[in-house]
$ cat query-v2.csv   # CSV, C-alpha atoms
chain,number,residue,atom,x,y,z
A,7,MET,CA,63.4,33.6,-71.7
A,8,ARG,CA,67.1,33.6,-70.9
A,9,TYR,CA,66.7,31.3,-67.9
A,10,PRO,CA,64.9,28.4,-69.6
A,11,VAL,CA,67.2,28.6,-72.7
A,12,LEU,CA,70.3,28.6,-70.5
A,13,MET,CA,68.9,25.7,-68.5
A,14,VAL,CA,68.3,23.6,-71.6
A,15,ALA,CA,71.9,24.3,-72.7
A,16,TYR,CA,73.2,23.2,-69.3
A,17,LEU,CA,70.9,20.2,-69.4
A,18,ILE,CA,72.3,19.1,-72.7
A,19,VAL,CA,75.9,19.5,-71.5
A,20,GLY,CA,75.2,17.8,-68.2
A,21,GLY,CA,73.3,15.0,-69.8
A,22,SER,CA,76.0,14.4,-72.4
A,23,LEU,CA,78.6,14.3,-69.6
A,24,PHE,CA,76.4,11.9,-67.6
A,25,SER,CA,75.9,9.7,-70.7
A,26,PHE,CA,79.7,9.7,-71.3
A,27,GLY,CA,80.2,8.7,-67.6
A,28,LEU,CA,77.7,5.8,-67.9
A,29,SER,CA,79.5,4.3,-70.9
A,30,GLU,CA,83.1,5.0,-69.8
A,31,PHE,CA,82.9,4.3,-66.1
A,32,PRO,CA,80.5,1.3,-65.6
A,33,LEU,CA,82.2,0.2,-62.4
A,34,ALA,CA,81.6,3.6,-60.8
A,35,VAL,CA,78.0,3.4,-61.8
A,36,GLU,CA,77.6,0.0,-60.3
A,37,SER,CA,79.2,1.2,-57.1
A,38,LEU,CA,76.7,4.1,-56.9
A,39,ASP,CA,73.8,1.6,-57.3
A,40,ARG,CA,75.3,-0.5,-54.5
A,41,PHE,CA,75.9,2.5,-52.3
A,42,THR,CA,72.3,3.7,-52.7
A,43,ALA,CA,71.1,0.1,-51.9
A,44,LEU,CA,73.3,0.0,-48.8
A,45,ILE,CA,72.0,3.4,-47.5
A,46,VAL,CA,68.3,2.3,-48.1
A,47,HIS,CA,69.1,-1.0,-46.3
A,48,GLN,CA,70.7,0.9,-43.3
A,49,LEU,CA,67.8,3.3,-43.1
A,50,ILE,CA,65.2,0.5,-43.0
A,51,GLY,CA,67.4,-1.4,-40.6
A,52,LEU,CA,66.9,1.3,-38.0
A,53,PHE,CA,63.3,0.2,-37.7
A,54,THR,CA,63.2,-3.5,-38.6
A,55,SER,CA,65.6,-6.4,-38.9
A,56,ALA,CA,63.6,-7.9,-41.8
A,57,THR,CA,65.8,-6.3,-44.4
A,58,THR,CA,68.7,-7.6,-46.5
A,59,GLN,CA,71.0,-6.1,-49.1
A,60,ARG,CA,73.1,-7.9,-51.7
A,61,ASP,CA,74.8,-5.8,-54.4
A,62,ALA,CA,72.2,-3.4,-55.7
A,63,ILE,CA,69.2,-5.5,-54.4
A,64,VAL,CA,67.4,-4.5,-51.2
A,65,THR,CA,64.7,-6.6,-49.7
A,66,LEU,CA,62.1,-5.8,-47.0
A,67,ASP,CA,60.5,-8.9,-45.5
A,68,GLY,CA,60.8,-10.8,-48.8
A,69,PHE,CA,59.9,-8.0,-51.2
A,70,ALA,CA,62.9,-7.0,-53.3
A,71,VAL,CA,63.8,-4.0,-55.4
A,72,LEU,CA,66.8,-3.7,-57.7
A,73,ILE,CA,68.4,-0.3,-57.7
A,74,ILE,CA,69.4,0.8,-61.3
A,75,ILE,CA,71.2,3.9,-62.4
A,76,GLU,CA,67.9,5.7,-63.1
A,77,CYS,CA,66.9,5.1,-59.5
A,78,VAL,CA,69.8,6.8,-57.7
A,79,GLY,CA,68.7,10.4,-58.3
A,80,LEU,CA,71.5,11.3,-60.8
A,81,LEU,CA,69.0,12.5,-63.4
A,82,GLU,CA,67.3,14.7,-60.9
A,83,MET,CA,70.7,16.0,-59.8
A,84,VAL,CA,71.6,16.9,-63.4
A,85,ILE,CA,68.3,18.8,-63.8
A,86,TYR,CA,68.7,20.6,-60.5
A,87,SER,CA,72.3,21.5,-61.2
A,88,ALA,CA,71.2,22.9,-64.6
A,89,CYS,CA,68.6,25.0,-62.8
A,90,VAL,CA,71.2,26.4,-60.3
A,91,LEU,CA,73.8,27.1,-62.9
A,92,ALA,CA,71.3,29.0,-65.1
A,93,PHE,CA,70.0,31.0,-62.2
A,94,PRO,CA,71.2,34.6,-61.9
A,95,ALA,CA,72.9,34.2,-58.5
A,96,PRO,CA,76.4,34.9,-57.2
A,97,VAL,CA,79.0,32.3,-58.0
A,98,ARG,CA,79.5,31.4,-54.3
A,99,ALA,CA,75.8,30.7,-53.9
A,100,ARG,CA,75.9,28.4,-56.9
A,101,LEU,CA,79.0,26.6,-55.6
A,102,TRP,CA,77.3,25.9,-52.3
A,103,GLY,CA,74.0,25.2,-54.0
A,104,ILE,CA,75.0,22.4,-56.2
A,105,PRO,CA,76.6,20.0,-53.7
A,106,LEU,CA,74.2,20.7,-50.9
A,107,GLY,CA,71.2,20.4,-53.2
A,108,CYS,CA,72.5,17.2,-54.7
A,109,ALA,CA,72.9,15.8,-51.2
A,110,ALA,CA,69.4,16.8,-50.3
A,111,ILE,CA,68.1,15.1,-53.5
A,112,PHE,CA,70.0,12.0,-52.7
A,113,GLY,CA,68.4,12.0,-49.2
A,114,PHE,CA,64.9,12.5,-50.7
A,115,ASN,CA,65.6,9.7,-53.2
A,116,VAL,CA,66.6,7.3,-50.4
A,117,LEU,CA,63.2,8.1,-48.7
A,118,ARG,CA,61.5,7.6,-52.1
A,119,ILE,CA,63.0,4.1,-52.5
A,120,THR,CA,62.3,3.2,-48.8
A,121,THR,CA,58.6,4.3,-49.2
A,122,LEU,CA,58.4,2.2,-52.4
A,123,LEU,CA,59.7,-0.8,-50.5
A,124,ILE,CA,57.1,-0.4,-47.8
A,125,VAL,CA,54.3,0.0,-50.3
A,126,GLY,CA,55.6,-3.0,-52.3
A,127,ARG,CA,55.7,-5.1,-49.1
A,128,HIS,CA,52.4,-4.1,-47.6
A,129,TRP,CA,50.3,-2.9,-50.5
A,130,ASN,CA,51.7,-4.7,-53.4
A,131,GLU,CA,48.8,-3.9,-55.8
A,132,TYR,CA,49.7,-0.2,-55.6
A,133,PHE,CA,53.4,-0.6,-56.2
A,134,ASP,CA,53.3,0.2,-59.9
A,135,PHE,CA,51.1,3.2,-59.4
A,136,PHE,CA,53.4,4.6,-56.7
A,137,HIS,CA,56.6,3.7,-58.7
A,138,VAL,CA,55.4,5.8,-61.6
A,139,TYR,CA,54.1,8.6,-59.3
A,140,PHE,CA,57.3,8.8,-57.3
A,141,TRP,CA,59.3,8.8,-60.5
A,142,GLN,CA,57.7,11.7,-62.3
A,143,ALA,CA,55.6,13.8,-59.9
A,144,THR,CA,57.9,13.7,-56.9
A,145,LEU,CA,60.9,14.2,-59.2
A,146,ILE,CA,59.5,17.6,-60.1
A,147,ALA,CA,58.4,18.3,-56.5
A,148,MET,CA,61.9,17.4,-55.3
A,149,ILE,CA,63.6,19.7,-57.8
A,150,VAL,CA,61.2,22.6,-57.2
A,151,GLY,CA,61.5,22.1,-53.4
A,152,VAL,CA,65.3,22.0,-53.2
A,153,LEU,CA,65.6,24.9,-55.7
A,154,TYR,CA,63.1,26.9,-53.6
A,155,GLY,CA,65.2,26.2,-50.4
A,156,TRP,CA,68.4,27.1,-52.1
A,157,ILE,CA,67.0,30.5,-53.4
A,158,LYS,CA,65.6,31.2,-49.9
A,159,ILE,CA,68.8,30.3,-48.0
A,160,PHE,CA,71.6,31.2,-50.3
A,161,VAL,CA,70.3,33.8,-52.8
A,162,HIS,CA,67.9,35.9,-50.9
A,163,ARG,CA,69.5,36.0,-47.5
B,20,MET,CA,55.5,28.4,-44.6
B,21,LYS,CA,51.8,27.6,-44.3
B,22,ARG,CA,51.2,28.7,-47.8
B,23,ALA,CA,54.1,26.6,-49.2
B,24,LEU,CA,52.7,23.6,-47.4
B,25,VAL,CA,49.3,24.2,-48.9
B,26,VAL,CA,50.9,24.4,-52.4
B,27,VAL,CA,52.8,21.1,-51.8
B,28,LEU,CA,49.7,19.3,-50.5
B,29,SER,CA,47.6,20.6,-53.5
B,30,PHE,CA,50.3,19.4,-55.8
B,31,ALA,CA,50.3,15.9,-54.3
B,32,VAL,CA,46.5,15.7,-54.4
B,33,VAL,CA,46.1,17.0,-58.0
B,34,SER,CA,49.0,14.9,-59.4
B,35,LEU,CA,47.8,11.7,-57.7
B,36,GLY,CA,44.3,12.3,-59.2
B,37,LEU,CA,45.7,13.1,-62.6
B,38,LEU,CA,48.1,10.1,-62.5
B,39,TRP,CA,45.1,7.8,-61.8
B,40,LEU,CA,43.2,9.3,-64.7
B,41,TRP,CA,46.3,8.9,-66.9
B,42,GLY,CA,46.7,5.3,-66.0
B,43,GLU,CA,43.0,4.5,-66.4
B,44,TRP,CA,42.1,6.3,-69.7
B,45,LEU,CA,44.4,9.1,-70.8
B,46,ARG,CA,47.5,7.0,-71.6
B,47,ALA,CA,45.7,4.7,-74.0
B,48,GLY,CA,43.9,7.6,-75.7
B,49,TYR,CA,47.1,9.6,-76.0
B,50,GLY,CA,49.0,6.6,-77.4
B,51,GLN,CA,46.4,6.3,-80.2
B,52,LEU,CA,46.5,10.0,-80.9
B,53,PHE,CA,50.3,10.0,-80.9
B,54,PHE,CA,50.5,7.0,-83.3
B,55,ALA,CA,47.9,8.6,-85.6
B,56,VAL,CA,49.9,11.8,-85.8
B,57,ALA,CA,53.5,10.6,-85.6
B,58,ARG,CA,53.5,7.9,-88.3
B,59,PRO,CA,52.3,10.1,-91.2
B,60,LEU,CA,54.3,13.1,-90.0
B,61,TYR,CA,57.6,11.1,-89.8
B,62,ASP,CA,56.9,9.6,-93.2
B,63,PHE,CA,56.2,13.1,-94.6
B,64,LEU,CA,59.5,14.4,-93.1
B,65,GLY,CA,61.5,11.5,-94.5
B,66,PHE,CA,62.0,9.6,-91.3
B,67,GLU,CA,60.3,6.4,-92.5
B,68,GLU,CA,62.6,4.2,-90.4
B,69,ALA,CA,61.7,6.0,-87.1
B,70,PRO,CA,60.0,3.7,-84.6
B,71,VAL,CA,56.8,5.1,-83.1
B,72,VAL,CA,56.7,4.1,-79.5
B,73,ALA,CA,53.3,5.6,-78.8
B,74,PHE,CA,52.9,4.3,-75.2
B,75,ARG,CA,56.2,5.4,-73.7
B,76,GLN,CA,56.1,5.7,-69.9
B,77,ARG,CA,57.9,9.1,-70.2
B,78,TYR,CA,54.9,10.7,-71.9
B,79,ILE,CA,53.4,10.9,-68.4
B,80,ASN,CA,55.3,14.2,-68.0
B,81,PHE,CA,52.0,15.8,-68.9
B,82,VAL,CA,50.9,15.1,-65.3
B,83,PRO,CA,53.5,17.1,-63.3
B,84,PHE,CA,53.1,20.0,-65.8
B,85,VAL,CA,49.3,20.2,-65.4
B,86,SER,CA,49.7,19.8,-61.6
B,87,LEU,CA,52.3,22.5,-61.3
B,88,LEU,CA,50.3,24.9,-63.4
B,89,LEU,CA,47.0,24.3,-61.5
B,90,VAL,CA,48.5,24.8,-58.1
B,91,THR,CA,50.8,27.8,-58.8
B,92,PRO,CA,49.3,30.6,-56.8
B,93,GLY,CA,48.8,34.1,-58.2
B,94,LEU,CA,48.4,33.2,-61.9
B,95,SER,CA,45.5,34.9,-63.8
B,96,ILE,CA,42.8,32.6,-65.2
B,97,ARG,CA,43.6,33.7,-68.7
B,98,ARG,CA,47.3,32.9,-68.3
B,99,ARG,CA,46.6,29.6,-66.6
B,100,THR,CA,44.1,28.5,-69.4
B,101,LEU,CA,46.2,29.6,-72.3
B,102,GLY,CA,49.3,28.2,-70.6
B,103,LEU,CA,47.6,24.8,-70.3
B,104,VAL,CA,46.5,24.8,-73.9
B,105,PHE,CA,49.9,25.9,-75.4
B,106,GLY,CA,51.9,24.0,-72.8
B,107,LEU,CA,50.2,20.7,-73.6
B,108,LEU,CA,50.6,21.4,-77.3
B,109,PHE,CA,54.2,22.2,-76.9
B,110,ILE,CA,54.9,19.0,-74.8
B,111,PHE,CA,53.1,17.0,-77.5
B,112,VAL,CA,55.4,18.5,-80.2
B,113,CYS,CA,58.4,17.8,-78.0
B,114,HIS,CA,57.2,14.1,-77.6
B,115,LEU,CA,57.2,13.9,-81.4
B,116,GLY,CA,60.7,15.2,-81.5
B,117,LEU,CA,62.1,13.2,-78.5
B,118,ASN,CA,60.6,10.0,-80.0
B,119,LEU,CA,62.7,10.6,-83.1
B,120,THR,CA,65.9,10.2,-81.1
B,121,ALA,CA,65.0,6.5,-80.8
B,122,ILE,CA,66.6,6.3,-84.3
B,123,LEU,CA,70.0,6.9,-82.6
B,124,GLN,CA,69.5,4.2,-80.0
B,125,PRO,CA,66.6,1.8,-80.8
B,126,GLY,CA,64.9,0.2,-77.7
B,127,PRO,CA,62.1,0.7,-75.3
B,128,ALA,CA,63.8,3.6,-73.5
B,129,LEU,CA,64.9,6.9,-74.9
B,130,PRO,CA,68.7,7.7,-74.9
B,131,ILE,CA,70.0,9.4,-71.8
B,132,VAL,CA,70.1,13.0,-72.9
B,133,PRO,CA,66.5,13.0,-74.4
B,134,SER,CA,65.4,11.2,-71.2
B,135,ILE,CA,66.8,14.1,-69.1
B,136,VAL,CA,65.2,16.7,-71.4
B,137,SER,CA,61.9,14.8,-71.2
B,138,ASP,CA,62.0,14.7,-67.4
B,139,ALA,CA,62.8,18.4,-67.2
B,140,LEU,CA,60.3,19.4,-69.8
B,141,PRO,CA,57.2,20.0,-67.5
B,142,PHE,CA,59.4,22.0,-65.3
B,143,LEU,CA,60.8,24.1,-68.1
B,144,VAL,CA,57.4,24.8,-69.7
B,145,TRP,CA,56.0,25.7,-66.3
B,146,ILE,CA,58.8,28.2,-65.7
B,147,VAL,CA,58.0,30.0,-69.0
B,148,ILE,CA,54.2,30.1,-68.4
B,149,ALA,CA,54.4,31.0,-64.7
B,150,TYR,CA,57.2,33.5,-65.2
B,151,PRO,CA,55.3,36.5,-63.8
B,152,VAL,CA,54.9,34.7,-60.4
B,153,LEU,CA,58.3,33.1,-60.4
B,154,ALA,CA,60.1,36.3,-61.3
B,155,LYS,CA,59.5,37.4,-57.7
B,156,PHE,CA,62.1,34.9,-56.7
B,157,LEU,CA,64.8,36.2,-59.1
B,158,PRO,CA,67.4,38.3,-57.3
B,159,THR,CA,67.6,42.0,-58.0
B,160,GLN,CA,70.7,43.3,-59.8
B,161,ASP,CA,72.4,44.1,-56.5
B,162,GLU,CA,71.8,40.6,-55.1
B,163,SER,CA,73.0,38.8,-58.2
B,164,GLU,CA,76.4,40.5,-58.1
B,165,GLU,CA,79.2,39.5,-55.8
B,166,LYS,CA,79.7,42.2,-53.2
B,167,PRO,CA,83.2,43.6,-53.4
B,168,LYS,CA,85.4,42.7,-50.4
B,169,THR,CA,86.4,45.5,-48.1
B,170,THR,CA,89.8,45.6,-46.5
$ encode --input "query-v2.csv" --output "structure tokens"
Amino acid sequence: MRYPVLMVAYLIVGGSLFSFGLSEFPLAVESLDRFTALIVHQLIGLFTSATTQRDAIVTLDGFAVLIIIECVGLLEMVIYSACVLAFPAPVRARLWGIPLGCAAIFGFNVLRITTLLIVGRHWNEYFDFFHVYFWQATLIAMIVGVLYGWIKIFVHR
Amino acid sequence: MKRALVVVLSFAVVSLGLLWLWGEWLRAGYGQLFFAVARPLYDFLGFEEAPVVAFRQRYINFVPFVSLLLVTPGLSIRRRTLGLVFGLLFIFVCHLGLNLTAILQPGPALPIVPSIVSDALPFLVWIVIAYPVLAKFLPTQDESEEKPKTT
């Protein structure tokens, strides 16, 4: 029971810091939204020129999405970091695990938004379904997957 | 690797099916149940001013919990069944508690910290229930300690 209890404690601390950051540094939050939108735009731009980006809005052939703070993967990173910090692993493994795992989550999140844009553009009637699905189910899958990878690579090597 | 891929694919299939069921029927039914329980309970506890947002999107966290528990390999049927029953009940109780935090910040969305706890909830409950299987991933005492440097 120690692991889940520790994880909840780290979640509350991490969540409180995150909440503080949202209220105290709104410009940084907006920059992160715009940065995520830019990366999604660049990724789609590799395959088609029918994409635009303005501030935190990305479009694909006329279908637009607005990236808000809940879409940039920070909540997932807080949850993942709490999992890593609570895990009984060497300090060095944890120090590597947090930034690398967060980068992986950011990458998965960019893919998630890209997929949503494609679904919204080509199968618009399924957008809401996939939006909810990619939010909750893949959130868990992402965290479990990255955590599994971290344990395999850094803890059990 | 092949086994991990099967687990991931099973998770995708089960969670997609459950999400469809949730959207079609379960969400409305759960909202009615939540309202029927929450309002009298909050009144009884003295939280008359607490809003009861019975149809919150975040209550969908039942779906990843059930999916995770169903696809986890190596769990006994008894543990899986009891885990489902007690896990669902625990998540329901947590929804009642998390909904109360709307007193602090009224609106359609939960405050940030309860949102994070809510999103992590299926994962946490799954860890507790599937612990016998997941414990295999925990490092041994030797692994969890930093090896002393030799000179």
$ closest_residue --input "query-v2.csv" --among "B:Val112, B:Leu123, B:Val27, B:Ala55" --to "chain A" --atoms "only C-alpha atoms"
B:Val27
$ closest_atom_pairs --input "query-v2.csv" --of "chain B" --to "chain A" --cutoff "10 Å" --atoms "only C-alpha atoms" --output "tab-separated table"
residue	atom	partner	partner_atom	distance
B:Ala23	CA	A:Gly151	CA	9.6
B:Val27	CA	A:Ala147	CA	7.8
B:Phe30	CA	A:Ala147	CA	8.2
B:Ala31	CA	A:Ala143	CA	8.0
B:Ser34	CA	A:Ala143	CA	6.7
B:Leu35	CA	A:Tyr139	CA	7.2
B:Leu38	CA	A:Tyr139	CA	7.0
B:Trp39	CA	A:Phe135	CA	7.9
B:Gly42	CA	A:Phe135	CA	8.2
B:Gln76	CA	A:Val138	CA	8.3
B:Arg77	CA	A:Gln142	CA	8.3
B:Ile79	CA	A:Gln142	CA	7.5
B:Asn80	CA	A:Gln142	CA	6.7
B:Phe81	CA	A:Gln142	CA	9.6
B:Val82	CA	A:Ala143	CA	7.3
B:Pro83	CA	A:Ala143	CA	5.2
B:Phe84	CA	A:Ile146	CA	8.9
B:Ser86	CA	A:Ala143	CA	8.6
B:Leu87	CA	A:Ile146	CA	8.8
B:Pro130	CA	A:Ser25	CA	8.6
B:Ile131	CA	A:Ser25	CA	6.0
B:Val132	CA	A:Gly21	CA	4.9
B:Pro133	CA	A:Gly21	CA	8.4
B:Ser134	CA	A:Leu81	CA	8.7
B:Ile135	CA	A:Leu81	CA	6.3
B:Val136	CA	A:Leu17	CA	7.0
B:Asp138	CA	A:Gln142	CA	7.3
B:Ala139	CA	A:Ile85	CA	6.5
B:Leu140	CA	A:Val14	CA	9.2
B:Pro141	CA	A:Ile146	CA	8.1
B:Phe142	CA	A:Ile146	CA	6.8
B:Leu143	CA	A:Pro10	CA	6.1
B:Val144	CA	A:Pro10	CA	8.3
B:Trp145	CA	A:Pro10	CA	9.9
B:Ile146	CA	A:Pro10	CA	7.2
B:Val147	CA	A:Met7	CA	7.0
B:Tyr150	CA	A:Met7	CA	9.0
B:Phe156	CA	A:Ile157	CA	7.4
B:Leu157	CA	A:Pro94	CA	7.2
B:Pro158	CA	A:His162	CA	6.9
B:Thr159	CA	A:Pro94	CA	9.1
B:Gln160	CA	A:Pro94	CA	9.0
B:Glu162	CA	A:Ala95	CA	7.3
B:Ser163	CA	A:Ala95	CA	4.6
B:Glu164	CA	A:Pro96	CA	5.7
B:Glu165	CA	A:Pro96	CA	5.6
B:Lys166	CA	A:Pro96	CA	9.0
$ residues_around --input "query-v2.csv" --residues "stretch 107-122 of chain A" --least-positions-apart "3" --cutoff "9 Å" --atoms "all atoms listed in the file" --output "PyMOL selection string"
chain A and resi 42-43+45-47+49-50+71+73+77-80+82-84+86-87+102-104+125-127+133+136-137+140-141+144-145+148-149+152-153+155-156
$ residues_around --input "query-v2.csv" --residues "A:Leu101" --least-positions-apart "5" --cutoff "10 Å" --atoms "all atoms listed in the file" --output "short mmCIF file (atom, residue, chain, number, x, y, z; two decimals) with C-alpha atoms, in the frame of the given file"
data_model
loop_
_atom_site.label_atom_id
_atom_site.label_comp_id
_atom_site.auth_asym_id
_atom_site.auth_seq_id
_atom_site.Cartn_x
_atom_site.Cartn_y
_atom_site.Cartn_z
CA VAL A 90 71.20 26.40 -60.30
CA LEU A 91 73.80 27.10 -62.90
CA PRO A 96 76.40 34.90 -57.20
CA LEU A 106 74.20 20.70 -50.90
#
$ closest_residue --input "query-v2.csv" --among "A:Glu36, A:Phe69, A:Tyr16, A:Ala56" --to "A:Trp129" --atoms "all atoms listed in the file"
A:Phe69
$ atom_distance --input "query-v2.csv" --atom1 "atom CA of A:Phe41" --atom2 "atom CA of A:Asp67"
20.3 Å
$ closest_residue --input "query-v2.csv" --among "B:Val72, B:Val32, B:Val104, B:Val85" --to "B:Phe53" --atoms "all atoms listed in the file"
B:Val72
$ atom_distance --input "query-v2.csv" --atom1 "atom CA of B:Met20" --atom2 "atom CA of B:Thr100"
27.3 Å
$ atom_distance --input "query-v2.csv" --atom1 "atom CA of A:Gly27" --atom2 "atom CA of B:Leu119"
23.5 Å
$ decode --input "query-v2.csv" --residues "stretch 63-86 of chain A" --atoms "N, CA and C atoms" --output "short mmCIF file (atom, residue, chain, number, x, y, z; two decimals), in the first residue's frame"
data_model
loop_
_atom_site.label_atom_id
_atom_site.label_comp_id
_atom_site.auth_asym_id
_atom_site.auth_seq_id
_atom_site.Cartn_x
_atom_site.Cartn_y
_atom_site.Cartn_z
N ILE A 63 -4.18 27.82 -32.21
CA ILE A 63 -5.16 27.15 -33.09
C ILE A 63 -4.44 26.50 -34.26
N VAL A 64 -4.74 25.23 -34.48
CA VAL A 64 -4.17 24.52 -35.63
C VAL A 64 -5.32 24.09 -36.52
N THR A 65 -5.15 24.20 -37.81
CA THR A 65 -6.20 23.74 -38.72
C THR A 65 -5.62 22.70 -39.67
N LEU A 66 -6.50 21.82 -40.09
CA LEU A 66 -6.15 20.86 -41.14
C LEU A 66 -7.26 20.94 -42.19
N ASP A 67 -6.95 21.52 -43.30
CA ASP A 67 -7.90 21.60 -44.40
C ASP A 67 -9.26 22.18 -43.94
N GLY A 68 -9.19 23.22 -43.13
CA GLY A 68 -10.42 23.91 -42.69
C GLY A 68 -10.95 23.45 -41.34
N PHE A 69 -10.49 22.30 -40.86
CA PHE A 69 -10.95 21.84 -39.53
C PHE A 69 -9.97 22.36 -38.48
N ALA A 70 -10.49 23.10 -37.49
CA ALA A 70 -9.61 23.75 -36.52
C ALA A 70 -9.76 23.17 -35.12
N VAL A 71 -8.65 23.11 -34.40
CA VAL A 71 -8.71 22.77 -32.97
C VAL A 71 -7.95 23.84 -32.18
N LEU A 72 -8.45 24.13 -31.01
CA LEU A 72 -7.78 25.08 -30.12
C LEU A 72 -7.08 24.28 -29.01
N ILE A 73 -5.79 24.49 -28.88
CA ILE A 73 -5.02 23.77 -27.85
C ILE A 73 -5.14 24.57 -26.55
N ILE A 74 -5.71 23.94 -25.53
CA ILE A 74 -5.77 24.59 -24.21
C ILE A 74 -4.83 23.83 -23.27
N ILE A 75 -4.68 24.36 -22.07
CA ILE A 75 -3.66 23.80 -21.17
C ILE A 75 -3.91 22.32 -20.84
N GLU A 76 -5.18 21.92 -20.80
CA GLU A 76 -5.46 20.50 -20.50
C GLU A 76 -5.07 19.59 -21.66
N CYS A 77 -4.77 20.20 -22.83
CA CYS A 77 -4.45 19.38 -24.02
C CYS A 77 -2.96 19.18 -24.22
N VAL A 78 -2.12 19.85 -23.43
CA VAL A 78 -0.69 19.80 -23.75
C VAL A 78 0.05 18.66 -23.06
N GLY A 79 -0.69 17.87 -22.27
CA GLY A 79 -0.08 16.70 -21.65
C GLY A 79 0.51 16.95 -20.27
N LEU A 80 0.33 18.16 -19.75
CA LEU A 80 0.94 18.45 -18.44
C LEU A 80 0.31 17.62 -17.31
N LEU A 81 -1.00 17.42 -17.39
CA LEU A 81 -1.64 16.62 -16.33
C LEU A 81 -1.08 15.21 -16.34
N GLU A 82 -0.91 14.66 -17.55
CA GLU A 82 -0.34 13.31 -17.68
C GLU A 82 1.07 13.28 -17.13
N MET A 83 1.83 14.36 -17.40
CA MET A 83 3.22 14.41 -16.92
C MET A 83 3.27 14.47 -15.39
N VAL A 84 2.33 15.20 -14.80
CA VAL A 84 2.28 15.27 -13.33
C VAL A 84 1.98 13.87 -12.76
N ILE A 85 1.02 13.18 -13.37
CA ILE A 85 0.66 11.84 -12.89
C ILE A 85 1.84 10.88 -13.06
N TYR A 86 2.45 10.93 -14.24
CA TYR A 86 3.60 10.05 -14.51
C TYR A 86 4.75 10.34 -13.54
#
